[in-house]
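Peer 1: Submitted below is the structure of interest, expressed as structure tokens.
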Amino acid sequence: MSDPSSADRPVVTRIAPSPTGSLHIGNARSALFNWLYARHTGGKFLIRIEDTDRARHSEAAVQVIFDSLSWLGLSPDADPVSQFARADLHRGVVEELLERGWAYRCYMTTEEADQAKAIARAEGHALRSPWRDRVAGPAQGNQPFVVRFKVPNEGETVINDAVRGVVAFPNKDLEDLVLLRTDGTPTYNLAVAADDHDMGITYVIRGEEHLSNGARQILIYRAMGWELPVYAHLPLLVGADGAKLSKRHGAMTVGEFIAAGYLPEAVRNYLARLGWGHGDAEIFSDAQAIEWFELKDVVRSPARLDLVKLGHINNHYIRVADTPRLTALTAQIHIERGIRQDEAQGAALARAIPLVREGAKTLLDLADLTAFVLKKRPFALDEKTLKLLDAETRGRLGRLAERLGVETDWTAAPLGKVLQTFAESEGVGLGKFGPALRGVLSGGAPAPDLASAFEALGREESFGRIADALSQVR
RNA sequence: GGUCCCUUCGUCUAUCGGUUAGGACACUAGAUUUUCAUUCUAGGAAGAGCGGUUCGACUCCGCUAGGGACUGCCA
């Protein structure tokens with residue numbers, strides 16, 4: 001019960017994703033919590049790639065993980081390590097376990113093991129290989145074997161979890177786990193325990209699906225006489241329907257969140273609120289999150305991903321983001337959509353963004369809302385606008401253009417006033433010619449209020465579009 | 001099947017034995033309005049069930065129900 005604990009050592013946390021092709025959003029949340037806790041305590045945050053499964057390994061997948069973490073702004077305090085590269089260390093630990101009598105060679109075939117499992121299950125306990133108390137004889141020769149951990153039959157293994165409190169697992173229900181495969185490669189639980197210890201990890205903060213692995217890993221720690229880290233198992237992230245996150249829930253990887261047009265700071269803020277909270281705080285800075293983040297405030301129940309709320313938070317960060325940054329990001333999306341911009345259009349885009357950002361929940365929205373400034377003159381008017389451009393309205397637009405011609409301050413506020421006074425002088429409401437003017441300026445694409453549309457387009461382009469329309473319809 | 005975890009508005013959460021159970025997103029209604037949007041105002045919306053403990057339970061305990069994870073020579 002009185003295991004040495006690393007709670008009083010300097011904090012070292014880690015994120016240990018396996019390179020399966022992308023960084024899952026659940027892993028991203030785990031990474032964020034580890035990062036927040038390390039920053040909060042002035043400790044270190046490390047990255048370890050769990051690539052012991054060579055069959056599934058790919059360099060590209062590893063790179064995706066680095067890119068994703070980098071995009072999220074979760075930079076590690078040391079170079080990432082590869083678990084595969086540390087196989088010698090793992091094997092050394094197994095040697096020692098073997099010597100200490102905590103592990104044994106098991107010569108059961110897969111079929112035999114399956115049978116033994118079924119029997120053990122029927123008897124009400126987990127697998128115990130007959131080889132745990134047998135020594136290989138001549139009959140075994142160079143028969144293949146795995147090395148298994150000798151789990152005690154009695155007692156229980158207790159995790160004192162920083163989030164869940166005391167959780168006890170009966171040892172009889174923990175199987176004699178494989179440490180080394182027949183090909184001599186280390187398995188997950190062994191590698192994790194050995195690496196966490198070797199890397200000096202003091203806080204293991206990860207998803208709840210690893211809670212029972214915690215018991216298995218503690219068994220190894222104890223057998224080796226190592227100081228235990230503090231465990232903190234985070235509530236699972238589930239889809240909108242409460243089921244485990246999967247493809248059908250939509251954007252599930254960091255890459256997909258990027259493509260969907262979310263800002264990293266918004267994703268950080270949103271993810272922080274999934275399974276953790278600080279009073280009523282909803283929108284907060286990284287500095288605040290770091291200052292506030294305590295493991296005791298981590299929630300215990302699973303959290304559902306709510307993209308609608310993420311959209312709201314993203315909208316907030318779009319509102320406060322620097323215009324040049326948003327402009328560059330939005331320009332890139334337009335380019336991806338096949339719309340290149342010349343210098344004048346780039347300037348128009350930069351002018352448009354502050355005027356439309358309030359309605360944008362994602363960068364994709366921002367691209368949609370600014371598409372009108374990128375239209376190349378002359379463009380064909382949509383039918384609705386054509387219909388609105390009757391003789392009376394055309395005359396009015398002509399007079400409006402004249403009126404605007406003397407306006408020197410080409411920004412939304414004064415332009416709005418001109419529009420108002422012009423409507424009054426014409427003795428009509430803005431509703432009389434507003435929709436037509438909107439169509440003329442936007443070409444049917446979404447656009448902000450007319451004064452803002454004028455400002456975004458710029459003086460020359462605005463007059464050009466009106467002139468185009470008036471010459472197009474006669 | 002076994003082990004373990006979880007259960008407050010639709011969702012994320014606050015509450016840490018005494019509150020009209022708070023906030024945010026979403027939703028509804030109204031106002032504003034040159035589209036969409038924005039903005040403003042108002043509103044509805046929750047302690048899974050049953051037993052305890054207690055002067056008093058969302059809060060502590062137990063049981064039931066429901067959901068989930070694990071139970072690999074995957075991680």
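We name chains A, B, ... following the order of the structure tokens; residues begin at 1 in each chain, and ligands are numbered from 1 as shown.
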Could you go through range 91-285 of chain A and tell me which residues DSSP, when run on the backbone, assigns to strand (DSSP E), listing them as JSON, numbers by chain?
Peer 2: {"A": [103, 104, 105, 106, 146, 147, 148, 149, 156, 157, 158, 159, 160, 161, 165, 166, 167, 168, 169, 170, 178, 179, 180, 203, 204, 205, 206, 207, 230, 231, 232, 233, 234, 237, 238]}
Peer 1: Output N, CA and C atoms of each residue in that selection to a file, as a CSV table (one decimal), in the first residue's frame.
Peer 2:
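What follows is the written file part_21.csv:
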chain,number,residue,atom,x,y,z
A,103,ALA,N,8.6,-13.7,-14.2
A,103,ALA,CA,8.2,-14.0,-15.6
A,103,ALA,C,8.6,-15.4,-15.9
A,104,TYR,N,8.0,-16.0,-17.0
A,104,TYR,CA,8.4,-17.3,-17.3
A,104,TYR,C,8.2,-17.6,-18.8
A,105,ARG,N,8.9,-18.6,-19.3
A,105,ARG,CA,8.7,-18.9,-20.7
A,105,ARG,C,7.5,-19.8,-20.9
A,106,CYS,N,6.6,-19.5,-21.8
A,106,CYS,CA,5.4,-20.3,-22.0
A,106,CYS,C,5.4,-20.9,-23.4
A,146,VAL,N,6.7,-17.7,-25.7
A,146,VAL,CA,6.5,-16.3,-25.4
A,146,VAL,C,6.9,-16.2,-23.9
A,147,VAL,N,7.3,-15.0,-23.5
A,147,VAL,CA,7.5,-14.8,-22.1
A,147,VAL,C,6.3,-14.1,-21.5
A,148,ARG,N,5.8,-14.7,-20.4
A,148,ARG,CA,4.6,-14.2,-19.8
A,148,ARG,C,5.0,-13.6,-18.4
A,149,PHE,N,4.2,-12.7,-17.9
A,149,PHE,CA,4.3,-12.2,-16.6
A,149,PHE,C,3.6,-13.1,-15.6
A,156,GLU,N,-5.1,-8.1,-4.7
A,156,GLU,CA,-5.5,-7.2,-5.7
A,156,GLU,C,-4.5,-6.1,-6.0
A,157,THR,N,-4.6,-5.6,-7.2
A,157,THR,CA,-3.7,-4.5,-7.6
A,157,THR,C,-4.5,-3.2,-7.6
A,158,VAL,N,-4.0,-2.3,-6.8
A,158,VAL,CA,-4.7,-1.0,-6.6
A,158,VAL,C,-4.1,0.1,-7.3
A,159,ILE,N,-4.9,0.9,-8.0
A,159,ILE,CA,-4.5,2.1,-8.7
A,159,ILE,C,-5.0,3.3,-7.9
A,160,ASN,N,-4.2,4.1,-7.4
A,160,ASN,CA,-4.7,5.3,-6.7
A,160,ASN,C,-4.7,6.4,-7.8
A,161,ASP,N,-5.8,6.5,-8.5
A,161,ASP,CA,-5.9,7.4,-9.6
A,161,ASP,C,-6.2,8.8,-9.2
A,165,GLY,N,-9.8,8.2,-8.1
A,165,GLY,CA,-9.7,7.7,-6.7
A,165,GLY,C,-9.1,6.3,-6.7
A,166,VAL,N,-9.4,5.5,-5.6
A,166,VAL,CA,-8.8,4.2,-5.5
A,166,VAL,C,-9.6,3.2,-6.3
A,167,VAL,N,-8.9,2.5,-7.2
A,167,VAL,CA,-9.6,1.5,-8.1
A,167,VAL,C,-8.8,0.2,-7.9
A,168,ALA,N,-9.5,-0.9,-7.5
A,168,ALA,CA,-8.9,-2.1,-7.2
A,168,ALA,C,-9.2,-3.2,-8.2
A,169,PHE,N,-8.2,-3.9,-8.7
A,169,PHE,CA,-8.5,-5.0,-9.6
A,169,PHE,C,-8.0,-6.3,-9.0
A,170,PRO,N,-8.9,-7.3,-8.9
A,170,PRO,CA,-8.5,-8.6,-8.3
A,170,PRO,C,-7.5,-9.2,-9.2
A,178,VAL,N,1.4,-11.5,-21.9
A,178,VAL,CA,2.6,-11.7,-22.7
A,178,VAL,C,3.5,-10.5,-22.7
A,179,LEU,N,4.8,-10.7,-22.4
A,179,LEU,CA,5.8,-9.6,-22.3
A,179,LEU,C,6.6,-9.6,-23.6
A,180,LEU,N,7.0,-10.8,-24.0
A,180,LEU,CA,7.8,-10.9,-25.3
A,180,LEU,C,7.1,-11.9,-26.2
A,203,TYR,N,3.9,11.5,-14.2
A,203,TYR,CA,2.4,11.5,-14.3
A,203,TYR,C,2.0,10.9,-15.6
A,204,VAL,N,1.2,9.8,-15.5
A,204,VAL,CA,0.7,9.1,-16.6
A,204,VAL,C,-0.8,9.6,-16.8
A,205,ILE,N,-1.0,10.5,-17.7
A,205,ILE,CA,-2.3,11.0,-17.9
A,205,ILE,C,-2.8,10.5,-19.3
A,206,ARG,N,-3.8,9.7,-19.3
A,206,ARG,CA,-4.3,9.1,-20.6
A,206,ARG,C,-5.7,8.7,-20.5
A,207,GLY,N,-6.3,8.2,-21.6
A,207,GLY,CA,-7.7,7.9,-21.6
A,207,GLY,C,-8.1,6.7,-20.7
A,230,VAL,N,2.2,8.8,-10.9
A,230,VAL,CA,0.8,9.1,-10.5
A,230,VAL,C,0.0,8.8,-11.8
A,231,TYR,N,-1.1,8.1,-11.6
A,231,TYR,CA,-1.9,7.8,-12.8
A,231,TYR,C,-3.1,8.8,-12.7
A,232,ALA,N,-3.6,9.2,-13.9
A,232,ALA,CA,-4.8,10.0,-14.0
A,232,ALA,C,-5.5,9.6,-15.3
A,233,HIS,N,-6.6,8.9,-15.1
A,233,HIS,CA,-7.3,8.4,-16.3
A,233,HIS,C,-8.5,9.3,-16.7
A,234,LEU,N,-8.4,9.8,-17.9
A,234,LEU,CA,-9.3,10.8,-18.4
A,234,LEU,C,-10.6,10.1,-18.9
A,237,LEU,N,-13.8,10.2,-24.7
A,237,LEU,CA,-14.5,11.1,-25.6
A,237,LEU,C,-15.4,10.2,-26.5
A,238,VAL,N,-16.7,10.5,-26.6
A,238,VAL,CA,-17.6,9.7,-27.4
A,238,VAL,C,-18.3,10.6,-28.4
Peer 1: Apply DSSP to the structure's backbone, then extract all residues of range 220-406 of chain A labelled alpha helix (DSSP H) and return them as a PyMOL selection string.
Peer 2: chain A and resi 220-224+254-259+264-272+286-292+307-320+323-336+343-356+363-370+383-388+391-405
Peer 1: Pick out the chain A residues within 6 Å of chain B. Count only C-alpha atoms (C1' of nucleotides). Give them as a list in words.
Peer 2: Arg181, Glu209, Gly279, Asp280, Ser301, Lys309, Gly359, Leu430, Gly431, Gly434 and Pro435 of chain A
Peer 1: Can you pull out the residues contacting Leu404 in chain A? Cut-off 12 Å, using only C-alpha atoms (C1' of nucleotides), and skip same-chain residues under 3 positions away; I want them as a count of residues only.
Peer 2: 28
Peer 1: May I have the residues within 7 Å of Trp35 in chain A as a list in words, using only C-alpha atoms (C1' of nucleotides) and disregarding those fewer than 3 positions away in the same chain?
Peer 2: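 Counting only the stated atoms, we get Ala31, Leu32, Ala38, Arg39, Phe45 and Leu74 of chain A.
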Peer 1: Those same residues, written as an mmCIF file, in the first residue's frame with C-alpha atoms?
Peer 2:
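Here's the written file result10.cif:
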data_model
loop_
_atom_site.group_PDB
_atom_site.id
_atom_site.type_symbol
_atom_site.label_atom_id
_atom_site.label_comp_id
_atom_site.auth_asym_id
_atom_site.auth_seq_id
_atom_site.Cartn_x
_atom_site.Cartn_y
_atom_site.Cartn_z
ATOM 1 C CA ALA A 31 -1.896 15.445 -25.301
ATOM 2 C CA LEU A 32 -3.462 18.770 -24.356
ATOM 3 C CA ALA A 38 3.324 20.022 -17.395
ATOM 4 C CA ARG A 39 3.071 23.748 -18.056
ATOM 5 C CA PHE A 45 5.997 17.314 -21.597
ATOM 6 C CA LEU A 74 1.652 21.367 -28.114
#
Peer 1: I want to know what sits within 12 Å of U28 in chain B, based on only C-alpha atoms (C1' of nucleotides), with residues of the same chain fewer than 4 positions away left out; could you give that as JSON, numbers by chain?
Peer 2: {"B": [42, 43, 44, 45]}
Peer 1: Could you check which of A:Ala303, A:Thr13, A:Ser70, A:Ile65 is closest to Gly42 in chain A, using only C-alpha atoms?
Peer 2: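 Nearest candidate to Gly42 in chain A out of A:Ala303, A:Thr13, A:Ser70, A:Ile65: A:Thr13.
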Peer 1: Could you list, as an MDAnalysis selection string, every residue within 6 Å of range 362-364 of chain A, counting only C-alpha atoms (C1' of nucleotides) and ignoring same-chain residues fewer than 2 positions away?
Peer 2: chainID A and resid 261:262 360 366:367
